[in-house]
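Before any comments, here is the structure.
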Amino acid sequence: MTVPDPPDLSAPTITDNAPLKPPNPGSYARRDLYEERQTPESGVGAFATTTIPSGTRIFCEESIVMLPDEAGHVELYAAVKGLDEERKAMYWALAASTKASKDVAWIDALRECCDEDISETFNELVEEHETAWSIYETNRFTCKSRDGVTKSLGIFPQSARLNHSCSPNVFHRYNPVINRLTVHALRDIQAGEELLTSYIDICHPTVARRQLLKHWGFRCRCSACDSPDDEEDYRRKRIEDLVNRMGNREKRRVKNEGKWTGKDYERDLAIIVKCIRLLEKEGMEETDTLGMAYAAGVRLAVKVGEEEDALKWAEKAVEIERKCLGEDSMEFVRAGELLDMARRVNAKAERS
Ligand SMILES: C[S@@+](CC[C@H](N)C(=O)[O-])C[C@H]1O[C@@H](n2cnc3c(N)ncnc32)[C@H](O)[C@@H]1O
């Protein structure tokens, strides 16, 4: 939930301040659609109690704790201590799976700000800080600001019950417009199925995913991890490389605007087309990595005069962002703007 973010291929070219639906979404978890249950090996999990159609928003949750990326044990403990009793209870009831940090400099800082007469209970206080930190590290979600620059980490106690899969059936993301974490069904989910999100970027191959998941202290037993297939791993590695290349070229293009030639744009587009094909082949059609690839593809296709592809991808981008993030997300609005642009360009091409 806190792993490195993919390169920002959704960088807006039209407007970053598009009008969005009024932000009054409430804070909810659709308990009419799922229940929490103990699982044999993954602690508590969330299970569908009825069919959940693809695209359904299941969680739209406000955080109970949100801290800047760089906050440490002492700041976190103070934030938890400041919660009302109900929220405090919610916080302490969450799972704590990570090991104590080897960096103990914070203990000296804590000692310095404690009264002398606390010395007898100091060890207890340290333990409480460590437990609070482990809960935080196990359950926190990355929350990016609208400009994508500021990163905070938030605790959303109901969404925090979602277990992980590398082939997830739900998608989570913090939406800075409505200040909520949203979780959407990526496909139709049947009653009895566990709702599973991915804590990490699923484009990584198996070995890298295993390494990243060590943070949460478990080995993933999803089908992609349990019976890794060399070809699938190769495709995920290729996707990862292509996404990185797209991001790097996008940065270079922005820096060298004006110097980018038609050939350069064609090269960029070729990478995106490969990436789109692999994502579709890998069954990652639902995730918004593909949404980002489509959006980047639209801009480039327009540049090189492939108006029909631009229109096709813009339509797909809108659908993916609607499904994964909802109509109140910036991504959806930007995809809609791209679709308008692609339609205009197509109409013009047809006229001429
Ligand atoms: C955010 S919590 C998820 C909810 C948690 N199961 C609970 O009981 O509250 C993350 C923790 O759940 C467990 N977990 C999540 N996904 C898992 C999986 N696929 N296999 C085993 N354990 C998992 C791990 O202990 C992990 O550190």
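By order of appearance in the structure tokens: chains A, B, ..., then residues from 1 within every chain, and ligands from 1 in the order shown.
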
Identify, counting only C-alpha atoms and all ligand atoms, the protein, DNA and RNA residues located within 7 Å of ligand 1, and give them as a list in words. Glu41, Ser42, Gly43, Val44, Gly45, Leu94, Ala95, Ala96, Ser97, Thr98, Thr138, Asn139, Ala160, Arg161, Leu162, Asn163, His164, Ser165, Trp216, Gly217, Phe218, Arg219, Cys220, Arg221 and Cys222 of chain A

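The spacing separating CA of Glu232 (chain A) from CA of Arg277 (chain A) amounts to 13.5 Å.
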
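Straight-line separation from CA of Ile200 (chain A) to CA of Leu83 (chain A): 28.9 Å.
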
Length of the CA of Ala78 (chain A) to CA of Val65 (chain A) vector [Å]: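 If I compute the distance from CA of Ala78 (chain A) to CA of Val65 (chain A), I get 10.5 Å.
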
Can you tell me, as a PyMOL selection string, what residues are no more than 8 Å from region 171-181 of chain A when counting only C-alpha atoms, ignoring any on the same chain fewer than 4 positions away? chain A and resi 20+23-25+27+59-63+141-146+156+185-186+197-198+287+324-325+328-330

Taking the DSSP assignment computed from this structure's backbone, write out as a PyMOL selection string all residues of region 75-301 of chain A that belong to alpha helix (DSSP H). chain A and resi 75-81+85-92+105-113+122-139+206-213+223-226+230-255+262-281+288-301

Which residues are close to region 123-136 of chain A, i.e. within 8 Å by only C-alpha atoms, leaving aside same-chain residues fewer than 4 positions away? Reply as number ranges by chain. A: 73-74, 76-77, 80, 91-92, 94-100, 107, 119, 140, 155

Serialized selection, C-alpha atoms, as a PDB file, in the first residue's frame:
```pdb
ATOM      1  CA  HIS A  73       6.968   6.985  15.979  1.00  0.00           C
ATOM      2  CA  VAL A  74       6.517   9.961  18.288  1.00  0.00           C
ATOM      3  CA  LEU A  76       2.201   8.854  15.183  1.00  0.00           C
ATOM      4  CA  TYR A  77       1.688   8.002  18.847  1.00  0.00           C
ATOM      5  CA  VAL A  80      -3.382   8.133  17.947  1.00  0.00           C
ATOM      6  CA  TYR A  91      -6.940   1.912  15.555  1.00  0.00           C
ATOM      7  CA  TRP A  92      -5.727  -0.482  18.249  1.00  0.00           C
ATOM      8  CA  LEU A  94      -6.064  -3.326  13.538  1.00  0.00           C
ATOM      9  CA  ALA A  95      -3.480  -5.970  12.641  1.00  0.00           C
ATOM     10  CA  ALA A  96       0.186  -5.414  13.491  1.00  0.00           C
ATOM     11  CA  SER A  97       2.433  -7.568  11.308  1.00  0.00           C
ATOM     12  CA  THR A  98       5.655  -5.665  10.793  1.00  0.00           C
ATOM     13  CA  LYS A  99       8.777  -6.158  12.909  1.00  0.00           C
ATOM     14  CA  ALA A 100      10.179  -3.436  15.186  1.00  0.00           C
ATOM     15  CA  ILE A 107      13.601   6.268  21.602  1.00  0.00           C
ATOM     16  CA  SER A 119      11.174   6.212  34.094  1.00  0.00           C
ATOM     17  CA  ARG A 140      -1.350   2.636   6.000  1.00  0.00           C
ATOM     18  CA  ILE A 155      -5.204   4.866   8.128  1.00  0.00           C
TER      19      ILE A 155
END
```

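Restricting the calculation to only C-alpha atoms, the smallest distance between Glu194 (chain A) and any of A:Ile276, A:Arg111, A:Phe47, A:Tyr28 is found for A:Phe47.
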
For the interface of region 210-279 of chain A with region 304-322 of chain A (cut-off 9 Å, counting only C-alpha atoms), please tabulate each contacting residue of region 210-279 of chain A alongside its nearest pair of atoms and their separation in Å to one decimal, rows sorted by chain and increasing number, as a Markdown table.
```
| residue | atom | partner | partner_atom | distance |
| --- | --- | --- | --- | --- |
| A:Gly262 | CA | A:Val304 | CA | 6.8 |
| A:Lys263 | CA | A:Val304 | CA | 8.9 |
| A:Tyr265 | CA | A:Val304 | CA | 6.8 |
| A:Glu266 | CA | A:Val304 | CA | 6.7 |
| A:Leu269 | CA | A:Val304 | CA | 8.6 |
```

Could you check the closest approach to Leu278 (chain A) for each of A:Val298, A:Ala335, A:Met246, A:Cys203 and tell me which residue wins, using only C-alpha atoms? A:Cys203

Quick one: pick out all strand (DSSP E) residues within region 181-272 of chain A from a backbone DSSP run and write them as an NGL selection string. :A and (181-185 or 196-197)

For those residues, write N, CA and C atoms to a file as a tab-separated table (two decimals), in the first residue's frame.
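part-v1.tsv, freshly written:
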```
chain	number	residue	atom	x	y	z
A	181	LEU	N	-10.42	7.47	0.67
A	181	LEU	CA	-9.88	6.31	-0.02
A	181	LEU	C	-11.05	5.60	-0.70
A	182	THR	N	-10.93	5.35	-1.98
A	182	THR	CA	-12.03	4.63	-2.65
A	182	THR	C	-11.55	3.23	-3.03
A	183	VAL	N	-12.50	2.29	-2.97
A	183	VAL	CA	-12.21	0.91	-3.38
A	183	VAL	C	-13.33	0.48	-4.31
A	184	HIS	N	-12.94	0.06	-5.52
A	184	HIS	CA	-13.93	-0.31	-6.54
A	184	HIS	C	-13.75	-1.76	-6.96
A	185	ALA	N	-14.87	-2.41	-7.31
A	185	ALA	CA	-14.78	-3.79	-7.85
A	185	ALA	C	-14.21	-3.72	-9.26
A	196	LEU	N	-10.07	-8.71	-2.57
A	196	LEU	CA	-8.60	-8.66	-2.46
A	196	LEU	C	-8.06	-7.51	-3.30
A	197	THR	N	-7.23	-6.73	-2.68
A	197	THR	CA	-6.61	-5.62	-3.39
A	197	THR	C	-5.12	-5.93	-3.53
```
